[in-house]
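Here is the structure we will look at.
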Amino acid sequence: GAVVSQHPSRVICKSGTSVKIECRSLDFQATTMFWYRQFPKKSLMLMATSNEGSKATYEQGVEKDKFLINHASLTLSTLTVTSAHPEDSSFYICSAWDRVKYEQYFGPGTRLTVT
Amino acid sequence: DAKTTQPTSMDCAEGRAANLPCNHSTISGNEYVYWYRQIHSQGPQYIIHGLKNNETNEMASLIITEDRKSSTLILPHATLRDTAVYYCIVRVGGGNNRKLIWGLGTSLAVNP
């Protein structure tokens, strides 16, 4: 099946610094990618929808200036958590829409810990 | 809010069939039912999806009622590696808007 990768898988950063997470679709082109956040024992919460070549669409309550999304190519979207704080510690998951197979594939997730 | 309701947890004996129910009574005519699972600390894994006909693939079978208000995911011979949280989701929107609204899912424990 299609593969979506994320890098890094785990990151620990200090409060106030910024962290970039990459999401790549490895064998298909993804015009649309999604970013989710998941807290322990909770379900996935959609943060934003990223469309190649245009601005991301953020869900209500998600600060676009804090969670910067760039979808510059058909295989790469990045999420930058700016000025991270301990409450940003979470499991961040991306997914990519395969318009040929009409399916959505998920990355393995990135565990962010802000100290 | 999620448009589906699922039992919080279920148990199944290894080697037996696991039948996971899902209610989606407000589903629209053009909405698909998707099933994903998530093993601890991993990203969700696609299992199967359907519109109104029953579907089968190498992982599972999906049985959708005639009125489409509920469905059942069947893992025919559950193994220990099938222990995971299983999410039943209806897909909203069209075009580039393919948001998946996630509920809490069913935590399936496959026991030896």
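Here, A, B, ... name the chains of the structure tokens in the order displayed, residue numbers run from 1 inside each chain, and ligands are numbered from 1 in the same displayed order.
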
| Interface residues on chain A facing chain B, 6 Å, only C-alpha atoms, written as a list in words | Ser43, Phe106, Gly107, Pro108 and Gly109 of chain A

Writing out the chosen residues with N, CA and C atoms as a PDB file, in the first residue's frame:
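Saved as result-v2.pdb:
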ATOM      1  N   SER A  43      -8.853  10.833  21.031  1.00  0.00           N
ATOM      2  CA  SER A  43      -8.919  10.569  19.604  1.00  0.00           C
ATOM      3  C   SER A  43      -8.113  11.603  18.828  1.00  0.00           C
ATOM      4  N   PHE A 106      -2.032   7.431   6.413  1.00  0.00           N
ATOM      5  CA  PHE A 106      -1.500   8.135   7.575  1.00  0.00           C
ATOM      6  C   PHE A 106      -0.018   7.861   7.779  1.00  0.00           C
ATOM      7  N   GLY A 107       0.659   8.873   8.291  1.00  0.00           N
ATOM      8  CA  GLY A 107       2.044   8.694   8.684  1.00  0.00           C
ATOM      9  C   GLY A 107       2.124   8.018  10.042  1.00  0.00           C
ATOM     10  N   PRO A 108       3.335   7.652  10.465  1.00  0.00           N
ATOM     11  CA  PRO A 108       3.521   6.942  11.727  1.00  0.00           C
ATOM     12  C   PRO A 108       3.443   7.831  12.953  1.00  0.00           C
ATOM     13  N   GLY A 109       3.400   9.142  12.746  1.00  0.00           N
ATOM     14  CA  GLY A 109       3.282  10.057  13.881  1.00  0.00           C
ATOM     15  C   GLY A 109       4.625  10.570  14.373  1.00  0.00           C
TER      16      GLY A 109
END

| task | Determine, counting only C-alpha atoms, which protein, DNA and RNA residues have an atom within 8 Å of an atom of Leu108 (chain B); residues of the same chain fewer than 2 positions away are not included. Present the result as a ChimeraX atom specification. | result | /B:9-12,82-86,106,110

| query | chain A: which residues are strand (DSSP E or B) by DSSP, as a VMD selection string? | reply | chain A and resid 4 to 7 10 to 13 19 to 25 32 to 38 45 to 51 57 to 58 67 to 73 76 to 81 90 to 98 103 to 106 110 to 114

Contact table region 3-72 of chain A vs region 85-101 of chain A, cut-off 6 Å, shortest pair per residue, only C-alpha atoms, as a tab-separated table:
residue	atom	partner	partner_atom	distance
A:Ser15	CA	A:His85	CA	4.9
A:Ala30	CA	A:Trp97	CA	5.5
A:Thr32	CA	A:Trp97	CA	5.5
A:Met33	CA	A:Ala96	CA	4.3
A:Phe34	CA	A:Ser95	CA	5.1
A:Trp35	CA	A:Cys94	CA	4.5
A:Tyr36	CA	A:Ile93	CA	5.0
A:Arg37	CA	A:Tyr92	CA	4.6
A:Gln38	CA	A:Phe91	CA	5.1
A:Phe39	CA	A:Ser90	CA	5.5

| query | Leaving out Phe67 (chain A) and any residue of its chain fewer than 3 positions from it, which residues lie within 10 Å of it when counting only C-alpha atoms, given as JSON, numbers by chain? | reply | {"A": [18, 19, 20, 47, 48, 58, 62, 63, 64, 70, 78, 79, 80, 81, 82, 83, 84]}

| Distance CA of Val11 (chain A)-CA of Val114 (chain A), one decimal place? |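 Computing it gives 8.4 Å between the two atoms.
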
Applying 10 Å and only C-alpha atoms, which residues near Leu26 (chain A) remain after dropping the ones on its own chain fewer than 4 positions away? List them as a CSV table (one decimal) with all heavy atoms, in the first residue's frame.
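Output below, filename around.csv:
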chain,number,residue,atom,x,y,z
A,2,ALA,N,0.2,2.4,-0.2
A,2,ALA,CA,0.9,3.6,-0.2
A,2,ALA,C,1.5,3.9,1.2
A,2,ALA,O,1.1,3.5,2.2
A,2,ALA,CB,-0.1,4.8,-0.5
A,3,VAL,N,2.6,4.7,1.1
A,3,VAL,CA,3.4,4.9,2.4
A,3,VAL,C,3.5,6.4,2.6
A,3,VAL,O,3.8,7.2,1.6
A,3,VAL,CB,4.8,4.3,2.3
A,3,VAL,CG1,5.6,4.6,3.6
A,3,VAL,CG2,4.7,2.8,2.2
A,4,VAL,N,3.2,6.8,3.8
A,4,VAL,CA,3.4,8.2,4.2
A,4,VAL,C,4.5,8.2,5.3
A,4,VAL,O,4.3,7.4,6.3
A,4,VAL,CB,2.1,8.8,4.7
A,4,VAL,CG1,2.4,10.2,5.2
A,4,VAL,CG2,1.1,8.9,3.5
A,5,SER,N,5.5,9.0,5.2
A,5,SER,CA,6.5,9.0,6.2
A,5,SER,C,6.5,10.3,7.0
A,5,SER,O,6.0,11.4,6.5
A,5,SER,CB,7.9,8.8,5.6
A,5,SER,OG,8.3,9.9,4.9
A,30,ALA,N,0.2,13.9,-3.5
A,30,ALA,CA,-0.8,14.3,-2.6
A,30,ALA,C,-1.1,15.8,-2.7
A,30,ALA,O,-0.3,16.6,-2.2
A,30,ALA,CB,-0.4,13.9,-1.1
A,75,THR,N,4.5,16.1,-2.7
A,75,THR,CA,4.9,15.0,-1.9
A,75,THR,C,5.4,15.4,-0.5
A,75,THR,O,5.8,14.6,0.3
A,75,THR,CB,6.0,14.2,-2.5
A,75,THR,OG1,7.2,15.0,-2.8
A,75,THR,CG2,5.6,13.5,-3.8
A,76,LEU,N,5.4,16.7,-0.2
A,76,LEU,CA,5.9,17.2,1.1
A,76,LEU,C,5.0,18.3,1.7
A,76,LEU,O,4.7,19.3,1.1
A,76,LEU,CB,7.3,17.7,0.9
A,76,LEU,CG,8.0,18.4,2.1
A,76,LEU,CD1,8.1,17.4,3.3
A,76,LEU,CD2,9.3,19.0,1.7

| field | Ser73 (chain A) surroundings by only C-alpha atoms, 8 Å radius, close-in-sequence under 3 positions cut, as an NGL selection string | value | :A and (52-53 or 76-77)

Could you dump the residues just selected with C-alpha atoms as a CSV table (one decimal), in the first residue's frame?
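For reference, again_28.csv as written:
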chain,number,residue,atom,x,y,z
A,52,GLU,CA,-0.4,22.1,-2.4
A,53,GLY,CA,0.4,25.5,-3.6
A,76,LEU,CA,5.9,17.2,1.1
A,77,SER,CA,4.1,19.1,3.8

Contacts of Ile12 (chain A) at 8 Å or less, counting only C-alpha atoms, minus same-chain residues fewer than 5 places along, as a PDB file with N, CA and C atoms, in the first residue's frame?
ATOM      1  N   LEU A 112       6.125  14.747  20.113  1.00  0.00           N
ATOM      2  CA  LEU A 112       6.791  15.986  20.519  1.00  0.00           C
ATOM      3  C   LEU A 112       6.690  16.151  22.023  1.00  0.00           C
ATOM      4  N   THR A 113       7.833  16.358  22.643  1.00  0.00           N
ATOM      5  CA  THR A 113       7.883  16.647  24.073  1.00  0.00           C
ATOM      6  C   THR A 113       8.585  17.979  24.265  1.00  0.00           C
ATOM      7  N   VAL A 114       7.906  18.916  24.882  1.00  0.00           N
ATOM      8  CA  VAL A 114       8.472  20.240  25.147  1.00  0.00           C
ATOM      9  C   VAL A 114       8.770  20.344  26.635  1.00  0.00           C
ATOM     10  N   THR A 115      10.022  20.608  26.941  1.00  0.00           N
ATOM     11  CA  THR A 115      10.434  20.630  28.357  1.00  0.00           C
ATOM     12  C   THR A 115      10.549  22.060  28.892  1.00  0.00           C
TER      13      THR A 115
END

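Here the question is which of B:Asn111, B:Asn54, B:Thr4, B:Glu14 gets nearest to Thr26 (chain B) using only C-alpha atoms, and that residue is B:Thr4.
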
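Nearest to Glu31 (chain B) of all the residues B:Ile64, B:Leu75, B:Ala109, B:Leu51 is B:Leu51, counting only C-alpha atoms.
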
| task | For CA of Ser71 (chain B) and CA of Asn23 (chain B), determine how far apart the two atoms are, in Å to one decimal place. | result |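 Straight-line distance from CA of Ser71 (chain B) to CA of Asn23 (chain B) works out to 6.6 Å.
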
| task | For CA of Val33 (chain B) and CA of Thr110 (chain A), determine how far apart the two atoms are, in Å to one decimal place. | result | 26.9 Å
